[in-house]
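Engineer: Structure file input_23.pdb (PDB, C-alpha atoms) is given on the next line.
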ATOM      1  CA  MET A   1     -63.600  79.272  -1.889
ATOM      2  CA  THR A   2     -61.972  77.079  -4.497
ATOM      3  CA  ASP A   3     -61.819  73.423  -5.363
ATOM      4  CA  THR A   4     -58.658  71.486  -4.672
ATOM      5  CA  PRO A   5     -57.193  68.761  -6.901
ATOM      6  CA  ASP A   6     -58.980  65.407  -7.033
ATOM      7  CA  ARG A   7     -55.886  63.560  -5.801
ATOM      8  CA  PHE A   8     -56.853  64.448  -2.251
ATOM      9  CA  GLU A   9     -59.880  62.162  -2.568
ATOM     10  CA  THR A  10     -57.778  59.053  -3.213
ATOM     11  CA  GLY A  11     -56.779  58.461   0.396
ATOM     12  CA  GLN A  12     -53.079  58.955  -0.357
ATOM     13  CA  ARG A  13     -51.288  61.445   1.853
ATOM     14  CA  GLU A  14     -49.480  63.960  -0.366
ATOM     15  CA  THR A  15     -47.836  65.940   2.456
ATOM     16  CA  PRO A  16     -46.949  65.047   6.071
ATOM     17  CA  TYR A  17     -49.894  65.158   8.440
ATOM     18  CA  ASN A  18     -49.939  68.420  10.369
ATOM     19  CA  GLY A  19     -53.043  68.460  12.526
ATOM     20  CA  ASP A  20     -51.504  70.520  15.319
ATOM     21  CA  VAL A  21     -53.529  73.681  14.758
ATOM     22  CA  THR A  22     -53.242  76.130  17.649
ATOM     23  CA  SER A  23     -55.777  78.828  16.754
ATOM     24  CA  PRO A  24     -58.538  79.791  14.322
ATOM     25  CA  ALA A  25     -56.202  82.390  12.838
ATOM     26  CA  GLN A  26     -53.562  79.762  12.098
ATOM     27  CA  LEU A  27     -56.144  77.499  10.498
ATOM     28  CA  SER A  28     -57.449  80.425   8.455
ATOM     29  CA  ASP A  29     -53.921  81.044   7.171
ATOM     30  CA  ARG A  30     -53.531  77.394   6.214
ATOM     31  CA  LEU A  31     -56.867  77.382   4.417
ATOM     32  CA  ASP A  32     -55.836  80.573   2.643
ATOM     33  CA  ALA A  33     -52.617  78.869   1.500
ATOM     34  CA  ALA A  34     -54.771  75.987   0.226
ATOM     35  CA  GLY A  35     -56.821  78.448  -1.858
ATOM     36  CA  TYR A  36     -59.861  78.790   0.417
ATOM     37  CA  LEU A  37     -60.801  82.132   1.925
ATOM     38  CA  ALA A  38     -62.628  81.471   5.197
ATOM     39  CA  ASP A  39     -64.142  84.222   7.327
ATOM     40  CA  ASP A  40     -63.574  84.344  11.089
ATOM     41  CA  GLY A  41     -66.766  82.460  11.923
ATOM     42  CA  LEU A  42     -66.032  79.527   9.629
ATOM     43  CA  ALA A  43     -62.371  79.345  10.644
ATOM     44  CA  THR A  44     -63.407  79.265  14.304
ATOM     45  CA  ALA A  45     -66.021  76.544  13.725
ATOM     46  CA  ALA A  46     -63.525  74.386  11.806
ATOM     47  CA  PHE A  47     -60.832  74.916  14.455
ATOM     48  CA  LEU A  48     -63.199  73.879  17.240
ATOM     49  CA  ALA A  49     -64.256  70.789  15.296
ATOM     50  CA  ILE A  50     -60.599  69.752  15.044
ATOM     51  CA  ARG A  51     -59.721  70.631  18.634
ATOM     52  CA  MET A  52     -62.841  69.061  20.198
ATOM     53  CA  GLY A  53     -62.976  66.022  17.917
ATOM     54  CA  ARG A  54     -66.522  66.816  16.835
ATOM     55  CA  PRO A  55     -67.970  66.598  13.308
ATOM     56  CA  LEU A  56     -68.602  69.948  11.642
ATOM     57  CA  PHE A  57     -72.086  70.187  10.138
ATOM     58  CA  VAL A  58     -72.005  72.799   7.370
ATOM     59  CA  GLU A  59     -75.325  73.824   5.897
ATOM     60  CA  GLY A  60     -76.063  76.263   3.106
ATOM     61  CA  GLU A  61     -77.278  76.656  -0.443
ATOM     62  CA  ALA A  62     -75.586  74.787  -3.269
ATOM     63  CA  GLY A  63     -72.450  76.428  -4.582
ATOM     64  CA  VAL A  64     -71.336  78.355  -1.476
ATOM     65  CA  GLY A  65     -68.170  76.311  -0.846
ATOM     66  CA  LYS A  66     -69.163  73.545   1.578
ATOM     67  CA  THR A  67     -67.453  70.701  -0.272
ATOM     68  CA  SER A  68     -64.456  72.885  -1.047
ATOM     69  CA  LEU A  69     -64.011  73.513   2.681
ATOM     70  CA  ALA A  70     -63.386  69.810   3.321
ATOM     71  CA  GLN A  71     -60.998  69.632   0.374
ATOM     72  CA  ALA A  72     -59.072  72.643   1.650
ATOM     73  CA  LEU A  73     -58.975  71.239   5.200
ATOM     74  CA  ALA A  74     -57.355  68.085   3.843
ATOM     75  CA  VAL A  75     -54.671  70.168   2.157
ATOM     76  CA  ALA A  76     -54.217  72.395   5.218
ATOM     77  CA  LEU A  77     -53.797  69.414   7.542
ATOM     78  CA  GLY A  78     -51.718  67.319   5.145
ATOM     79  CA  ALA A  79     -54.321  64.553   5.398
ATOM     80  CA  PRO A  80     -56.080  62.438   2.768
ATOM     81  CA  LEU A  81     -59.650  63.341   1.914
ATOM     82  CA  ILE A  82     -62.158  60.491   1.902
ATOM     83  CA  ARG A  83     -65.558  61.377   0.492
ATOM     84  CA  LEU A  84     -68.890  59.687   1.085
ATOM     85  CA  GLN A  85     -71.367  61.092  -1.427
ATOM     86  CA  CYS A  86     -74.903  60.642  -0.133
ATOM     87  CA  TYR A  87     -77.848  60.008  -2.409
ATOM     88  CA  GLU A  88     -81.375  58.672  -2.170
ATOM     89  CA  GLY A  89     -81.227  55.010  -1.197
ATOM     90  CA  VAL A  90     -77.640  54.948   0.109
ATOM     91  CA  ASP A  91     -77.313  52.306   2.829
ATOM     92  CA  ALA A  92     -74.813  51.028   5.373
ATOM     93  CA  ALA A  93     -73.260  48.466   3.011
ATOM     94  CA  GLN A  94     -72.455  51.141   0.423
ATOM     95  CA  ALA A  95     -70.942  53.370   3.099
ATOM     96  CA  LEU A  96     -69.076  50.763   5.166
ATOM     97  CA  TYR A  97     -67.861  47.668   3.356
ATOM     98  CA  ASP A  98     -68.791  44.864   1.006
ATOM     99  CA  TRP A  99     -67.357  41.490   0.136
ATOM    100  CA  ASP A 100     -65.603  40.978  -3.199
ATOM    101  CA  PHE A 101     -67.804  38.125  -4.383
ATOM    102  CA  PRO A 102     -66.090  37.597  -7.799
ATOM    103  CA  ARG A 103     -62.690  37.182  -6.092
ATOM    104  CA  GLN A 104     -64.207  34.925  -3.437
ATOM    105  CA  LEU A 105     -65.707  32.735  -6.166
ATOM    106  CA  LEU A 106     -62.368  32.536  -7.998
ATOM    107  CA  HIS A 107     -60.655  31.546  -4.754
ATOM    108  CA  LEU A 108     -63.279  28.870  -4.118
ATOM    109  CA  ARG A 109     -62.855  27.403  -7.606
ATOM    110  CA  ALA A 110     -59.068  27.454  -7.290
ATOM    111  CA  ALA A 111     -59.307  25.634  -3.962
ATOM    112  CA  GLU A 112     -61.616  23.022  -5.450
ATOM    113  CA  ALA A 113     -59.243  22.571  -8.388
ATOM    114  CA  VAL A 114     -56.357  21.610  -6.094
ATOM    115  CA  GLY A 115     -58.566  19.320  -4.027
ATOM    116  CA  VAL A 116     -59.144  21.369  -0.874
ATOM    117  CA  THR A 117     -62.054  19.804   1.007
ATOM    118  CA  ASP A 118     -61.719  21.393   4.447
ATOM    119  CA  VAL A 119     -64.974  23.368   4.617
ATOM    120  CA  ASP A 120     -64.053  25.283   7.770
ATOM    121  CA  ARG A 121     -60.740  26.329   6.278
ATOM    122  CA  LEU A 122     -62.384  27.439   3.045
ATOM    123  CA  GLU A 123     -65.013  29.463   4.892
ATOM    124  CA  HIS A 124     -62.325  31.141   6.994
ATOM    125  CA  GLU A 125     -60.285  32.002   3.887
ATOM    126  CA  LEU A 126     -63.292  33.335   1.973
ATOM    127  CA  TYR A 127     -63.973  35.918   4.667
ATOM    128  CA  ASP A 128     -60.393  37.020   5.067
ATOM    129  CA  ARG A 129     -59.597  40.752   5.103
ATOM    130  CA  ARG A 130     -58.118  40.536   1.594
ATOM    131  CA  PHE A 131     -61.613  39.952   0.180
ATOM    132  CA  LEU A 132     -63.140  42.909   2.008
ATOM    133  CA  LEU A 133     -63.913  46.010  -0.074
ATOM    134  CA  ALA A 134     -63.587  49.043   2.186
ATOM    135  CA  ARG A 135     -66.118  51.777   1.484
ATOM    136  CA  PRO A 136     -65.605  55.397   2.623
ATOM    137  CA  LEU A 137     -66.509  55.039   6.311
ATOM    138  CA  LEU A 138     -64.318  51.973   6.859
ATOM    139  CA  ARG A 139     -61.482  53.583   4.898
ATOM    140  CA  ALA A 140     -61.726  56.668   7.093
ATOM    141  CA  LEU A 141     -61.257  54.551  10.223
ATOM    142  CA  GLU A 142     -58.392  52.532   8.779
ATOM    143  CA  GLU A 143     -56.546  55.444   7.165
ATOM    144  CA  SER A 144     -56.912  57.987   9.977
ATOM    145  CA  PRO A 145     -55.794  60.659  10.477
ATOM    146  CA  CYS A 146     -57.794  61.876   7.518
ATOM    147  CA  VAL A 147     -60.594  64.263   6.593
ATOM    148  CA  LEU A 148     -63.912  62.507   6.070
ATOM    149  CA  LEU A 149     -66.419  64.409   3.932
ATOM    150  CA  ILE A 150     -70.016  63.199   4.235
ATOM    151  CA  ASP A 151     -71.491  65.191   1.388
ATOM    152  CA  GLU A 152     -75.165  66.154   1.009
ATOM    153  CA  ILE A 153     -76.518  64.179   3.959
ATOM    154  CA  ASP A 154     -79.936  65.712   3.264
ATOM    155  CA  ARG A 155     -80.234  63.437   0.214
ATOM    156  CA  ALA A 156     -80.079  60.291   2.396
ATOM    157  CA  ASP A 157     -82.990  58.890   4.409
ATOM    158  CA  ASP A 158     -83.723  58.805   8.141
ATOM    159  CA  GLU A 159     -82.455  55.250   8.542
ATOM    160  CA  PHE A 160     -79.054  56.155   7.132
ATOM    161  CA  GLU A 161     -78.888  59.189   9.414
ATOM    162  CA  ALA A 162     -79.421  56.939  12.436
ATOM    163  CA  PHE A 163     -76.698  54.572  11.255
ATOM    164  CA  LEU A 164     -74.318  57.473  10.660
ATOM    165  CA  LEU A 165     -74.974  58.858  14.123
ATOM    166  CA  GLU A 166     -73.931  55.519  15.623
ATOM    167  CA  VAL A 167     -70.673  55.418  13.657
ATOM    168  CA  LEU A 168     -69.781  59.026  14.496
ATOM    169  CA  SER A 169     -70.391  58.464  18.206
ATOM    170  CA  ASP A 170     -67.256  56.359  18.751
ATOM    171  CA  PHE A 171     -65.641  55.883  15.312
ATOM    172  CA  THR A 172     -65.860  52.118  15.695
ATOM    173  CA  ILE A 173     -67.197  49.517  13.276
ATOM    174  CA  SER A 174     -67.829  45.863  14.027
ATOM    175  CA  ILE A 175     -67.403  43.378  11.163
ATOM    176  CA  PRO A 176     -68.635  39.934  12.261
ATOM    177  CA  GLU A 177     -66.185  37.955  10.108
ATOM    178  CA  VAL A 178     -63.154  40.157  10.809
ATOM    179  CA  GLY A 179     -63.611  41.877  14.170
ATOM    180  CA  THR A 180     -63.780  45.442  15.428
ATOM    181  CA  VAL A 181     -62.173  48.300  13.546
ATOM    182  CA  ARG A 182     -61.485  51.415  15.577
ATOM    183  CA  ALA A 183     -59.851  54.628  14.365
ATOM    184  CA  SER A 184     -56.485  55.172  16.046
ATOM    185  CA  THR A 185     -57.047  58.887  15.514
ATOM    186  CA  PRO A 186     -60.626  60.065  14.891
ATOM    187  CA  PRO A 187     -60.978  61.613  11.435
ATOM    188  CA  VAL A 188     -61.822  65.270  10.979
ATOM    189  CA  VAL A 189     -65.428  64.994   9.810
ATOM    190  CA  VAL A 190     -67.267  67.536   7.664
ATOM    191  CA  VAL A 191     -70.964  66.848   7.065
ATOM    192  CA  THR A 192     -72.657  69.018   4.433
ATOM    193  CA  SER A 193     -76.305  69.701   3.654
ATOM    194  CA  ASN A 194     -78.043  71.801   1.007
ATOM    195  CA  ARG A 195     -81.099  71.839   3.273
ATOM    196  CA  THR A 196     -83.405  70.198   0.762
ATOM    197  CA  ARG A 197     -84.954  68.664   3.879
ATOM    198  CA  GLU A 198     -84.427  69.046   7.604
ATOM    199  CA  VAL A 199     -81.795  66.752   9.098
ATOM    200  CA  HIS A 200     -82.770  65.229  12.438
ATOM    201  CA  ASP A 201     -81.765  67.045  15.616
ATOM    202  CA  ALA A 202     -79.931  63.990  16.987
ATOM    203  CA  LEU A 203     -77.307  64.162  14.247
ATOM    204  CA  LYS A 204     -76.987  67.938  14.523
ATOM    205  CA  ARG A 205     -76.497  67.673  18.306
ATOM    206  CA  ARG A 206     -73.522  65.382  17.705
ATOM    207  CA  CYS A 207     -71.930  68.049  15.520
ATOM    208  CA  LEU A 208     -70.793  71.641  15.670
ATOM    209  CA  TYR A 209     -73.030  73.649  13.333
ATOM    210  CA  HIS A 210     -72.190  76.406  10.873
ATOM    211  CA  TRP A 211     -74.415  78.062   8.290
ATOM    212  CA  LEU A 212     -72.378  78.986   5.222
ATOM    213  CA  ASP A 213     -73.951  81.860   3.338
ATOM    214  CA  HIS A 214     -73.049  83.488   0.053
ATOM    215  CA  PRO A 215     -70.043  85.761   0.565
ATOM    216  CA  GLY A 216     -70.326  89.524   0.491
ATOM    217  CA  VAL A 217     -69.379  91.355  -2.691
ATOM    218  CA  GLU A 218     -65.815  92.179  -1.665
ATOM    219  CA  ARG A 219     -65.099  88.646  -0.451
ATOM    220  CA  GLU A 220     -66.621  87.199  -3.623
ATOM    221  CA  ILE A 221     -64.344  89.406  -5.708
ATOM    222  CA  ALA A 222     -61.363  88.163  -3.684
ATOM    223  CA  VAL A 223     -62.395  84.518  -4.165
ATOM    224  CA  ILE A 224     -62.840  84.993  -7.914
ATOM    225  CA  ARG A 225     -59.426  86.643  -8.202
ATOM    226  CA  ARG A 226     -57.880  83.844  -6.158
ATOM    227  CA  HIS A 227     -59.391  81.236  -8.440
ATOM    228  CA  LEU A 228     -58.774  83.171 -11.671
ATOM    229  CA  PRO A 229     -55.789  85.444 -11.015
ATOM    230  CA  GLU A 230     -55.419  86.273 -14.698
ATOM    231  CA  VAL A 231     -58.729  88.174 -14.938
ATOM    232  CA  THR A 232     -59.032  91.895 -14.337
ATOM    233  CA  GLU A 233     -60.343  93.214 -11.053
ATOM    234  CA  ARG A 234     -62.960  95.171 -13.011
ATOM    235  CA  LEU A 235     -64.371  91.994 -14.572
ATOM    236  CA  ALA A 236     -64.426  90.155 -11.226
ATOM    237  CA  ALA A 237     -66.155  93.121  -9.574
ATOM    238  CA  ASP A 238     -68.718  93.512 -12.376
ATOM    239  CA  VAL A 239     -69.673  89.846 -12.174
ATOM    240  CA  ALA A 240     -69.767  89.739  -8.366
ATOM    241  CA  ARG A 241     -72.090  92.749  -8.184
ATOM    242  CA  THR A 242     -74.356  91.432 -10.941
ATOM    243  CA  VAL A 243     -74.579  88.008  -9.333
ATOM    244  CA  HIS A 244     -75.512  89.611  -6.021
ATOM    245  CA  ARG A 245     -78.376  91.410  -7.762
ATOM    246  CA  LEU A 246     -79.488  88.104  -9.302
ATOM    247  CA  ARG A 247     -79.569  86.487  -5.851
ATOM    248  CA  GLU A 248     -82.021  89.121  -4.663
ATOM    249  CA  LEU A 249     -84.538  88.045  -7.298
ATOM    250  CA  ASP A 250     -87.001  85.181  -7.058
ATOM    251  CA  LEU A 251     -85.141  82.733  -9.293
ATOM    252  CA  LEU A 252     -85.651  78.987  -9.478
ATOM    253  CA  LYS A 253     -81.917  78.541  -8.826
ATOM    254  CA  PRO A 254     -80.017  81.596  -7.599
ATOM    255  CA  PRO A 255     -76.381  81.452  -8.719
ATOM    256  CA  GLY A 256     -73.786  80.320  -6.214
ATOM    257  CA  LEU A 257     -70.114  81.156  -5.938
ATOM    258  CA  ALA A 258     -69.284  78.350  -8.353
ATOM    259  CA  GLU A 259     -71.473  80.003 -11.005
ATOM    260  CA  SER A 260     -69.761  83.344 -10.428
ATOM    261  CA  ILE A 261     -66.403  81.743 -11.099
ATOM    262  CA  ASP A 262     -67.752  79.936 -14.172
ATOM    263  CA  TRP A 263     -69.187  83.184 -15.536
ATOM    264  CA  VAL A 264     -65.932  85.062 -15.104
ATOM    265  CA  ALA A 265     -64.037  82.184 -16.742
ATOM    266  CA  ALA A 266     -66.430  82.224 -19.706
ATOM    267  CA  LEU A 267     -66.143  85.993 -20.113
ATOM    268  CA  SER A 268     -62.372  85.815 -19.840
ATOM    269  CA  ALA A 269     -62.308  83.131 -22.542
ATOM    270  CA  LEU A 270     -64.085  85.657 -24.789
ATOM    271  CA  GLY A 271     -61.372  88.219 -24.070
ATOM    272  CA  ALA A 272     -63.560  90.433 -21.874
ATOM    273  CA  ASN A 273     -62.035  92.818 -19.346
ATOM    274  CA  GLN A 274     -65.373  94.041 -18.035
ATOM    275  CA  LEU A 275     -69.023  93.044 -18.185
ATOM    276  CA  ASP A 276     -71.492  94.734 -20.506
ATOM    277  CA  ALA A 277     -75.108  93.990 -21.407
ATOM    278  CA  ASP A 278     -74.299  92.285 -24.701
ATOM    279  CA  LEU A 279     -71.714  89.935 -23.187
ATOM    280  CA  ALA A 280     -73.984  89.208 -20.243
ATOM    281  CA  ALA A 281     -76.903  88.280 -22.498
ATOM    282  CA  ARG A 282     -74.727  85.946 -24.572
ATOM    283  CA  THR A 283     -73.226  84.163 -21.584
ATOM    284  CA  LEU A 284     -76.199  83.853 -19.213
ATOM    285  CA  GLY A 285     -75.946  80.072 -19.503
ATOM    286  CA  ALA A 286     -72.763  80.168 -17.463
ATOM    287  CA  VAL A 287     -74.543  81.639 -14.437
ATOM    288  CA  LEU A 288     -78.212  80.634 -14.746
ATOM    289  CA  LYS A 289     -79.040  76.955 -15.089
ATOM    290  CA  TYR A 290     -82.778  76.979 -15.728
ATOM    291  CA  GLN A 291     -84.400  78.086 -18.995
ATOM    292  CA  GLU A 292     -87.158  79.893 -17.070
ATOM    293  CA  ASP A 293     -84.557  81.990 -15.214
ATOM    294  CA  THR A 294     -82.620  82.714 -18.404
ATOM    295  CA  GLU A 295     -85.687  83.813 -20.357
ATOM    296  CA  ARG A 296     -86.903  85.967 -17.499
ATOM    297  CA  MET A 297     -83.551  87.716 -17.014
ATOM    298  CA  ARG A 298     -82.611  88.275 -20.647
ATOM    299  CA  PRO A 299     -84.820  91.392 -21.081
ATOM    300  CA  GLN A 300     -83.480  92.783 -17.790
ATOM    301  CA  VAL A 301     -79.779  92.279 -18.493
ATOM    302  CA  ALA A 302     -79.025  95.933 -19.136
ATOM    303  CA  ASP A 303     -80.548  96.961 -15.813
ATOM    304  CA  LEU A 304     -78.763  94.178 -13.935
ATOM    305  CA  VAL A 305     -75.344  95.001 -15.356
ATOM    306  CA  GLY A 306     -75.763  98.733 -15.090
ATOM    307  CA  GLY A 307     -77.570  98.723 -11.738
TER     308      GLY A 307
END
Please go through the file and, once you have read it, give me the structure as structure tokens.
Structural biologist:
Amino acid sequence: MTDTPDRFETGQRETPYNGDVTSPAQLSDRLDAAGYLADDGLATAAFLAIRMGRPLFVEGEAGVGKTSLAQALAVALGAPLIRLQCYEGVDAAQALYDWDFPRQLLHLRAAEAVGVTDVDRLEHELYDRRFLLARPLLRALEESPCVLLIDEIDRADDEFEAFLLEVLSDFTISIPEVGTVRASTPPVVVVTSNRTREVHDALKRRCLYHWLDHPGVEREIAVIRRHLPEVTERLAADVARTVHRLRELDLLKPPGLAESIDWVAALSALGANQLDADLAARTLGAVLKYQEDTERMRPQVADLVGG
């Protein structure tokens, strides 16, 4: 599973929209062409989400390719990707829209300078659509068809979940000063969670659910080679097998697929064609992100690489 270029997050459509997907196999092929290797279960879940118009709730550990799935779907469908990054304290205003107060103030001062005294007219002009700042959810409704990524919903609070459930129920937003905004074509919605907390059942019931696990060794090798085609198959295989052994240990942060790719890239930058204990010990920082994990694994490197 690989990242796609950032331009697909701008809302600009780079290729013609092509949402007419007829089967999971066809979608899998399109994702493959976009650089994302999806297994049959994930391809089927994504296909059903598109066909049924339901959000796809993808849960799994960090680094398994949840965000990359939405990016690849945008490429596969020829649709812009709009991303709402959740975080602690995110609220409806930050997700929907806000008013451009500095521009409103400039407009008010300009009107006063030319002697405009009609209060009703000024109020109407101040809350015109041109002063509205569209945040990700409003943009997704206005720019549909698109792929809407609601990333790391588990970092938001219960109140935001309830608000999100309401928006996803009919893809309609009411703005008192402007009116109702309704998506002409509902966006393809991907909701991701790292499961740092349990998301409420009501939101999950609105979605199709898929647990995205770490790939098997052979698939991980294939993903690494897809992302870094210049590296040797031996190096990709050595890293994939070692990372799988690391995931079986009780680490503070087991490495994800992203760390596997980073480790191979680091080793390749050192001119390595295969992994040995010395190289592994010197480059552990590419795959393990906590000092406690690094210090614990350093004495065991030879066994991990040779195991």
Engineer: Write out as a PyMOL selection string which residues come within 9 Å of His210 (chain A) when counting all atoms listed in the file, dropping same-chain ones fewer than 5 positions away.
Structural biologist: chain A and resi 41-42+45-46+56-60
Engineer: What does the file look like for those residues with C-alpha atoms, as a PDB file, in the frame of the given file?
Structural biologist:
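Output contents, as saved in again.pdb:
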ATOM      1  CA  GLY A  41     -66.766  82.460  11.923  1.00  0.00           C
ATOM      2  CA  LEU A  42     -66.032  79.527   9.629  1.00  0.00           C
ATOM      3  CA  ALA A  45     -66.021  76.544  13.725  1.00  0.00           C
ATOM      4  CA  ALA A  46     -63.525  74.386  11.806  1.00  0.00           C
ATOM      5  CA  LEU A  56     -68.602  69.948  11.642  1.00  0.00           C
ATOM      6  CA  PHE A  57     -72.086  70.187  10.138  1.00  0.00           C
ATOM      7  CA  VAL A  58     -72.005  72.799   7.370  1.00  0.00           C
ATOM      8  CA  GLU A  59     -75.325  73.824   5.897  1.00  0.00           C
ATOM      9  CA  GLY A  60     -76.063  76.263   3.106  1.00  0.00           C
TER      10      GLY A  60
END
Engineer: Could you state which residues are captured by the PyMOL selection byres ((chain A and resi 84) around 6) in this file, as a PDB file with C-alpha atoms, in the coordinates of the input?
Structural biologist:
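Contents of the output file part_30.pdb:
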ATOM      1  CA  ARG A  83     -65.558  61.377   0.492  1.00  0.00           C
ATOM      2  CA  GLN A  85     -71.367  61.092  -1.427  1.00  0.00           C
ATOM      3  CA  PRO A 136     -65.605  55.397   2.623  1.00  0.00           C
ATOM      4  CA  ILE A 150     -70.016  63.199   4.235  1.00  0.00           C
TER       5      ILE A 150
END
Engineer: Using the chain letters and numbers from the file, which residues does the PyMOL selection byres ((chain A and resi 230-235) around 7) grab, as number ranges by chain?
Structural biologist: A: 225, 228-229, 236-239, 268, 273-275
Engineer: Selected residues, C-alpha atoms, written as a compact mmCIF listing (two decimals), in the coordinates of the input, please.
Structural biologist:
# COMPACT_ATOMS: atom_id res chain seq x y z
CA ARG A 225 -59.43 86.64 -8.20
CA LEU A 228 -58.77 83.17 -11.67
CA PRO A 229 -55.79 85.44 -11.02
CA ALA A 236 -64.43 90.16 -11.23
CA ALA A 237 -66.16 93.12 -9.57
CA ASP A 238 -68.72 93.51 -12.38
CA VAL A 239 -69.67 89.85 -12.17
CA SER A 268 -62.37 85.82 -19.84
CA ASN A 273 -62.04 92.82 -19.35
CA GLN A 274 -65.37 94.04 -18.04
CA LEU A 275 -69.02 93.04 -18.18
Engineer: Applied to this file, what does the PyMOL selection byres ((chain A and resi 279-283) around 12) return in terms of residues, put as number ranges by chain?
Structural biologist: A: 235, 238-239, 242-243, 259-260, 262-278, 284-289, 294-306
Engineer: Expressed in Å to a single decimal, how great is the separation between CA of Gln94 (chain A) and CA of Ser169 (chain A)?
Structural biologist: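 Atom-to-atom, CA of Gln94 (chain A) and CA of Ser169 (chain A) are spaced 19.3 Å apart.
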Engineer: Given the choices A:Ala34, A:Ala110, A:Leu148, A:Ile153, which gets closest to Thr196 (chain A) if the distance is worked out from only C-alpha atoms?
Structural biologist: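 Between A:Ala34, A:Ala110, A:Leu148, A:Ile153, the residue approaching Thr196 (chain A) most closely is A:Ile153.
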Engineer: Might you pull out every residue within 10 Å of Arg219 (chain A), with only C-alpha atoms counted and same-chain residues fewer than 2 positions away left off, and present them as a list in words?
Structural biologist: Met1, Leu37, Ala38, Asp39, His214, Pro215, Gly216, Val217, Ile221, Ala222, Val223, Ile224, Arg225 and Ala240 of chain A
Engineer: Now that the selection is made, can you save its residues with C-alpha atoms as a CSV table (one decimal), in the frame of the given file?
Structural biologist:
chain,number,residue,atom,x,y,z
A,1,MET,CA,-63.6,79.3,-1.9
A,37,LEU,CA,-60.8,82.1,1.9
A,38,ALA,CA,-62.6,81.5,5.2
A,39,ASP,CA,-64.1,84.2,7.3
A,214,HIS,CA,-73.0,83.5,0.1
A,215,PRO,CA,-70.0,85.8,0.6
A,216,GLY,CA,-70.3,89.5,0.5
A,217,VAL,CA,-69.4,91.4,-2.7
A,221,ILE,CA,-64.3,89.4,-5.7
A,222,ALA,CA,-61.4,88.2,-3.7
A,223,VAL,CA,-62.4,84.5,-4.2
A,224,ILE,CA,-62.8,85.0,-7.9
A,225,ARG,CA,-59.4,86.6,-8.2
A,240,ALA,CA,-69.8,89.7,-8.4
Engineer: Tell me, in Å to one decimal, how far CA of Gln71 (chain A) is from CA of His200 (chain A).
Structural biologist: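 Separating CA of Gln71 (chain A) from CA of His200 (chain A) is a distance of 25.3 Å.
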Engineer: Please determine, counting all atoms listed in the file, which residue among A:Leu149, A:Val178, A:Leu27, A:Val191 has the shortest atom-to-atom distance to Phe131 (chain A).
Structural biologist: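 Between A:Leu149, A:Val178, A:Leu27, A:Val191, the residue approaching Phe131 (chain A) most closely is A:Val178.
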Engineer: Please compute the CA of Thr172 (chain A)-CA of Leu141 (chain A) distance, one decimal, in Å.
Structural biologist: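 Between CA of Thr172 (chain A) and CA of Leu141 (chain A) the gap is 7.6 Å.
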Engineer: Give as a short mmCIF file (atom, residue, chain, number, x, y, z; two decimals) with C-alpha atoms, keeping the file's coordinate frame each residue that has an atom at most 10 Å from (-70.3, 49.1, 4.7) in the file, counting all atoms listed in the file.
Structural biologist:
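The resulting file, result30.cif, is reproduced below:
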data_model
loop_
_atom_site.label_atom_id
_atom_site.label_comp_id
_atom_site.auth_asym_id
_atom_site.auth_seq_id
_atom_site.Cartn_x
_atom_site.Cartn_y
_atom_site.Cartn_z
CA ASP A 91 -77.31 52.31 2.83
CA ALA A 92 -74.81 51.03 5.37
CA ALA A 93 -73.26 48.47 3.01
CA GLN A 94 -72.46 51.14 0.42
CA ALA A 95 -70.94 53.37 3.10
CA LEU A 96 -69.08 50.76 5.17
CA TYR A 97 -67.86 47.67 3.36
CA ASP A 98 -68.79 44.86 1.01
CA TRP A 99 -67.36 41.49 0.14
CA LEU A 132 -63.14 42.91 2.01
CA LEU A 133 -63.91 46.01 -0.07
CA ALA A 134 -63.59 49.04 2.19
CA ARG A 135 -66.12 51.78 1.48
CA PRO A 136 -65.60 55.40 2.62
CA LEU A 137 -66.51 55.04 6.31
CA LEU A 138 -64.32 51.97 6.86
CA ARG A 139 -61.48 53.58 4.90
CA ILE A 173 -67.20 49.52 13.28
CA ILE A 175 -67.40 43.38 11.16
#
Engineer: Which residues, protein or nucleic acid, reach to within 10 Å of (-61.7, 75.8, 4.6) in the file's coordinates when using all atoms listed in the file, and can you give that as a PyMOL selection string?
Structural biologist: chain A and resi 1-2+27-32+34-39+42-43+46-47+65-76
Engineer: Kindly compute an axis-aligned box around the listed atoms of region 45-61 of chain A, allowing 4 Å on each side, and express its centre and edge lengths in Å to one decimal as AutoDock Vina command-line options.
Structural biologist:
--center_x -68.5 --center_y 71.3 --center_z 9.9 --size_x 25.6 --size_y 18.6 --size_z 28.6
Engineer: Between A:Pro145, A:Gly256, A:Gly115, A:Gly179, which residue has the minimum interatomic distance to Ala79 (chain A), considering all atoms listed in the file?
Structural biologist: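 So, comparing all the options, the nearest one is A:Pro145.
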Engineer: Between A:Met52, A:Val199, A:Val114, A:Ala183, which residue has the minimum interatomic distance to Arg155 (chain A), considering all atoms listed in the file?
Structural biologist: A:Val199
Engineer: Using all atoms listed in the file, which of the listed residues (A:Glu161, A:Asp170, A:Glu177, A:Glu218) sits closest to Gly53 (chain A)?
Structural biologist: A:Asp170
Engineer: Show which residues sit within 8 Å of Asp293 (chain A), as a PDB file with C-alpha atoms, in the frame of the given file. Count only C-alpha atoms, and ignore same-chain residues fewer than 5 positions away.
Structural biologist:
ATOM      1  CA  LEU A 251     -85.141  82.733  -9.293  1.00  0.00           C
ATOM      2  CA  LEU A 252     -85.651  78.987  -9.478  1.00  0.00           C
ATOM      3  CA  LYS A 253     -81.917  78.541  -8.826  1.00  0.00           C
ATOM      4  CA  LEU A 288     -78.212  80.634 -14.746  1.00  0.00           C
TER       5      LEU A 288
END
